[in-house]
Amino acid sequence: DRSTANITLKTKTVFQHQIIHTYPIIMVPHPDTLGENTPLLAESGAADTAGNTGPSSSREALFDFLEAKTPAGRRYEALIIGLIAINVLAFILGSLFLEEYNDASWARRDTGICQNRCDSWFFGNYADNGLERWHLGTTSILEIVTVAVFTIEYVLRLHTADLEDPKYKGASGRFRYIFSFFSVVDLASTLPFYADAILVDQDVAGSAFLRMFRLLRMMRVEGRYDTALTMVDDVYAAQKDILGTAIFIGCTTWISVSTLYYVVERKSLDMIYCGAAPDYCPEEVDTSLCTIDSWGITDCSKADCPPTEEYPEPCYNMFQSIPMASFYALLNLFGEFPLVDQHSVGGMVVGTFTAVVAVAVFALPASIVASGFENEIDKRVGDNAPELPPDRGLLTPDHQSSSTNLRGRLYNFLHAQVSPGAVTFDYFINFLIVGTGITFCIDTLGVSSVALGALMDIFELLAVLVFTAEYAAKLYSCNEDPKFANGTTGILIYISSFLPMVDLLSVLPYWIEVILVGSIAVQSNLVKALRLLRILRFEKYTHAFSSFDDILWRNKDILAVTAFTAILLWVFFGAFLYLTERDNPDEEMASNYSTVPNAMWITLLNLSGEAPLCQYSHSGKVAVGILGVFATAIFGIPIGVLGAGFEEILDEEQEDNTEELRGATQSQSPVSIAATRIEEECYKLTEGIGSAVARTFEGTIFFLIFAGVTIGIIQTVEGHKDDLSEIEALIVFLFTLEYVLRFIGAGANPEFMLESRDAIRSRVRYVFSFYSIIDLLSFVPFYLALALPGSVIDDYDEYLRMCRILRLVKLDKYIPSITLIDDVVRLKFNALRVALFASLSLWILFAALIYVFESSDTFNDIDPVPAYGCTEYCTMSDRFQNFFDSMVYTGIHLTGDFPITEYTWPSRFIQFLIVIAAVGVVSIPSALIATGFVEIVQSKMKTKNARGQGSTGEAAPGLAGDDWYEVAYRQLEGVEPPPSKWGPQVDKYQVMMNEFLNGKEDESGNVQYTTLASVSRAFIFTIIILNIVAVLLESIPTIDRLVGNEKGNLFDVFECLSVMVFAAEYASRLFCAPKNREALYSSAVYATTFFGIVDFLSTAPWFIEQALLASGVVQPGDETAMIFRIFRIFRILQLEDFFVAFSKLDNVFRASKDILKATGLMAVIIWVGCAALFFIFEENNPNWRQCDDSVPISTSNDTIPGCYDFKSTAECNEFYPGLCEQKVFTNMPNTLYLTAVFLGGEWGVVDFTWPGRLVCLFLCVCGIGLYAIPIGALFDSFGAVLGLAEEEEEYEEI
């Protein structure tokens, strides 16, 4: 169940089933004995196996030296590690000293800090660095030494290769060794040098990057890394069957989403990209003046960016073909929406579907791989868990000093806290901690009052004096504790402990600042921020952070392996993207990849699941795709280890309040009350009790709620304010009638009826109840607007209309969801208390540090943020004006999203810490809430189901999600198909055709095909793949124009032939369905199954298209005909015959229907409710406003106001007709799309107003986790239906 809660938490996507538990230190056996049962981890520097008496020849001695089995060999190994590290560091730093990519004065070769010396000694960027006389090409002394050492080592390893493995014996064996993994790594790290030396006049492209393969040589250092690689084969072997199905699901989802985006965005002018346009084009091309022809080719001649022979399409639509759309669709399926504010209405619809459903489906392959690694790690680890060291607290438990001297009394007062007044003094310290934190926050607001500033300085001084005195007294008395009794050594051990270190760091910088400056009033922002370290003193109440050393101890070996792998991926992909993107014609892309450190910063975000940039070169797109599909999961392992380990310790140390679960299973018995007949009838009618009329009334209310909400959403679109107003009035009248009936029925409602049978008081209680207030808010504004036309009500009409959305909350009365939150909090209170302290502490500290570094950042430019007081030439300091601003942006980053990348290097280091350590921990409160919600709902469902099955007994056995089809299929086991009514000859042909198409089961139950049938299946498979390829190629404008639309063109002929094949297959399957158990021996059943519908849809559109073309309704090459052609892409679903997946979707929904009812309603309420709030607060946020260049930005002249001087965009357009535009939050449909993206953990826009920021923080803290529950339930059910759960259960039995 925990996997359901964590599924969409970005930092834990590879830990759907909590794969990290405990990992022992196990010795690695000799390589000859490695196999599937080899332990994953080994202690570094493992000794030789028992019985090894030492080398018997010089070759064996040399081999032992190279394998670090001798003291000299281990020293040489350390030298190699250092040499590799220096090479990697030289490559990274060397990119900073390339003048063509870094124009800083310190990087110049003639006057810079290093000049030419660093290049000749370390970097090797230029051929004329003083080493050209050696004729070795572009190189450095470090490179020459490194290559010499590696070359000699390679020759020696080749010489002793047969001792590593007998298969490398002899000349043929040595040749085979050359192509082994580590041999290729060695060659890749040295051959580029020789290639450059031989081709001295031609620098080999990417030779510097190939040197990065030297990092892989570090995998030789410890056997654990090599052993870890063997696990990949084992995981694949265990999961290959279901993995094939999952990959099919992922690829189908990817292609489908790409196709939908292509269809809706291929003609969108907002999707025209001119960032890489040549110099003759304007710096800002007005794409609204561009045109897109029927082939999909863009022409921006009217925008002064015409095509030329050299640049036939300087500007292009990013979705002009399915292959081009596939990259942006892939980013969306990763949960990233870099073009979130550019999509058309159709694109928003596709984006919403992608964010809500497709992202989870696409993640299924990664989930299965993660599950496979979980099982494999558990298998290899076994039961050998390392024991945690005993007595891990700061002080000796329950120890009191028996000494009566000053030191003993101080110990009992400050440490043991058993002396009189000790607890009061502790409360006083806590007050000072909170007080100094508040003064820091107020101080960042820019206090204008001199008196208040002086008062805060005095308060801070007094607090620091108290903290300093307390620290000195604690330090003086710590020797009284047995742990620190060893004099000076004990004091040093005490000082280096966590909480004493916090005490020291919270006061020492203050005194250093005071001594250096000579005043208590002048303090740097960093010193002010360090005050907040004092909040970690509350650790003694929760013991949250003391759990981290336990986590590191338990997982130190898996962290060593995975952290190395993560760093390897980080450096490797950072270097690769640096080389591919530093010359990107897009200035933004090139600037972000101008140096390796810059590239590594963006790559770090890519590896954490982020894609803030998207205009990559073709090579860059491939690299980012690989990062998203594979590398992100691997990089997430060490991050997830920390988060999962923290949650595991919480589970062990903090018990849930299971009384809440028992309470959830108890049903309330109806209260017997006396009421009038009309009260009882009204009560039963409104509650759907008793009669069919009552149930119909309840269903009608359900429908009206959704209808009213939908109308309210539509009416926010410009020009549609009064659409469907008559229907809205009718709905309001019906809700009013319902309210009256509920008011009357309150006298019979046990929730409001009193024992005294006071009808008036019961109705008063109803009027002031939660659902009554919701009802009143949903229809009273309608009557007020009618009764008071032209009043202040009309001024706020648009916002009052949003109250209709509150009707959704009424559904909670029928399907409890939101009202269960308090139960969840009580259930998980103990764990939440600890997790929230850890999360809030990290949040506050990181926010303070980022504020310190960014509040003075006037270098990194940002878009105008007039809501924050900056209308032009804005920088990051305008975003981070105070601590509270920083809290918002840091909260977003702690969800795992990084929409802001323009940070200074100190802030980037803080972001690195957020990615590595904090995100996994901060996500735990949301995960706990989501897990508790699932447990509460399941408890209620169990009770309900048990009550329902009380009279009928247990349900029939079956698999998850089974329905009538699965039951009927099982009933037909062993039943012969009925004879054909057309006679025995037809019967014979049906049997033959069925065996040909569907195969025949042998005695073991495996399906066997004849040779001809196998060839036929291969042919059908090939035709399906070729159809998909044909659609992809036809979507490319240049290819489509080359082939043309003339009758008889290549694509049309191939399509006609394909349709004939598919139609023949469909007819054959219909014909033999009476002999096919999968079709329940019925052609009609086959036609309505997933397979039958897909087969029908693979041919029907072509026949419809031909009929429309023949009738002249559709012309060849127009948009309608294009839609029919594109529809062929969905023939990919015909591969379902080879990989069963989507045909189980109905089973998936049935398997999770109980939890979907409650969690789905809650998700809808959160989605629509937060969207309504965002719309109200952000509709007129000037940060999202853009105006024509002819409109002044801002003026002080009231008669000629500027773009940002208006309260709303509508007012701006009234003054400057058609020249003002609100980019986002323009209406409810647009806001629903944006909110769906936000709830997926992707913050495409972040510069909200303060009310909008509060909504944003709600989503960050718990909204995203709650919204993810129904998707997680579907995800788990998908795995269960496909057999993943079954495989896990089999492993558990073993």
# chains A, B, ... in the order shown; residues from 1 in each chain; ligands from 1
>>> residues_around(residues="Phe912 in chain A", least_positions_apart="3", cutoff="9 Å", atoms="only C-alpha atoms", output="count of residues only")
9
>>> residues_around(residues="range 290-301 of chain A", least_positions_apart="3", cutoff="8 Å", atoms="only C-alpha atoms", output="list of chain:residue names")
A:Arg266, A:Lys267, A:Leu269, A:Ile272, A:Asp286, A:Thr287, A:Asp304, A:Cys305, A:Pro306, A:Pro307, A:Glu313, A:Cys315, A:Tyr316, A:Asn317, A:Gln320, A:Pro1037, A:Thr1038, A:Asp1040, A:Arg1041, A:Gly1117, A:Asp1118
>>> residues_around(residues="Leu836 in chain A", least_positions_apart="2", cutoff="12 Å", atoms="only C-alpha atoms", output="ChimeraX atom specification")
/A:539,542,544-545,647,650,825,828-834,838-844,921-929,1261-1262
>>> closest_residue(among="A:Phe122, A:Phe573, A:Phe1071, A:Phe1127", to="Gln990 in chain A", atoms="only C-alpha atoms")
A:Phe1071
>>> atom_distance(atom1="CA of Asp1052 in chain A", atom2="CA of Ile1039 in chain A")
13.8 Å
>>> atom_distance(atom1="CA of Glu687 in chain A", atom2="CA of Met802 in chain A")
25.9 Å
>>> residues_around(residues="range 722-726 of chain A", least_positions_apart="3", cutoff="12 Å", atoms="only C-alpha atoms", output="list in words")
Ala707, Gly708, Thr710, Ile711, Gly712, Ile713, Ile714, Gln715, Thr716, Val717, Glu718, Gly719, Ala729, Leu730, Ile731, Val732, Phe733, Phe782, Asp797, Glu798 and Arg801 of chain A
>>> closest_residue(among="A:Ala529, A:Asp861, A:Pro1192, A:Pro977", to="Phe846 in chain A", atoms="only C-alpha atoms")
A:Ala529
>>> select_by_dssp(residues="range 819-889 of chain A", states="strand (DSSP E)", output="ChimeraX atom specification")
/A:861-862,874-875
>>> write_last_selection(atoms="N, CA, C and O atoms", output="short mmCIF file (atom, residue, chain, number, x, y, z; two decimals), in the first residue's frame")
data_model
loop_
_atom_site.label_atom_id
_atom_site.label_comp_id
_atom_site.auth_asym_id
_atom_site.auth_seq_id
_atom_site.Cartn_x
_atom_site.Cartn_y
_atom_site.Cartn_z
N ASP A 861 19.55 37.59 -14.85
CA ASP A 861 18.34 38.30 -15.28
C ASP A 861 17.13 37.38 -15.29
O ASP A 861 17.25 36.17 -15.54
N ILE A 862 15.96 37.96 -15.02
CA ILE A 862 14.70 37.22 -15.09
C ILE A 862 13.68 38.10 -15.81
O ILE A 862 13.92 39.29 -16.07
N CYS A 874 14.96 43.14 -14.48
CA CYS A 874 14.79 42.43 -13.20
C CYS A 874 15.85 41.34 -13.05
O CYS A 874 16.30 40.75 -14.03
N THR A 875 16.20 41.06 -11.82
CA THR A 875 17.17 40.01 -11.52
C THR A 875 16.62 39.10 -10.42
O THR A 875 15.53 39.35 -9.89
#
>>> closest_residue(among="A:Lys483, A:Lys474, A:Arg534, A:Lys981", to="Gly437 in chain A", atoms="only C-alpha atoms")
A:Arg534
>>> select_by_dssp(residues="range 913-1070 of chain A", states="helix (DSSP H, G or I)", output="number ranges by chain")
A: 913-922, 924-948, 964-971, 984-998, 1011-1034, 1037-1043, 1050-1070
>>> residues_around(residues="range 1099-1107 of chain A", least_positions_apart="4", cutoff="9 Å", atoms="only C-alpha atoms", output="VMD selection string")
chain A and resid 1055 to 1056 1058 to 1060 1062 to 1063 1066 1095 1111 to 1114 1120 to 1121 1124 to 1125 1127 to 1128
>>> residues_around(residues="Leu820 in chain A", least_positions_apart="3", cutoff="8 Å", atoms="only C-alpha atoms", output="list in words")
Pro816, Ser817, Asp823, Val824, Phe933 and Ile936 of chain A
>>> residues_around(residues="range 1195-1202 of chain A", least_positions_apart="6", cutoff="12 Å", atoms="only C-alpha atoms", output="list in words")
Pro866, Thr871, Pro1182, Arg1185, Gln1186, Cys1187, Asp1188, Asp1189, Ser1208, Thr1209, Glu1211, Cys1212, Asn1213, Glu1214, Phe1215, Tyr1216, Leu1219 and Cys1220 of chain A
>>> closest_residue(among="A:Gly275, A:Gly609, A:Pro397, A:Gly1169", to="Leu806 in chain A", atoms="only C-alpha atoms")
A:Gly1169
>>> closest_residue(among="A:Phe880, A:Trp511, A:Tyr494, A:Tyr1204", to="Tyr476 in chain A", atoms="only C-alpha atoms")
A:Tyr494
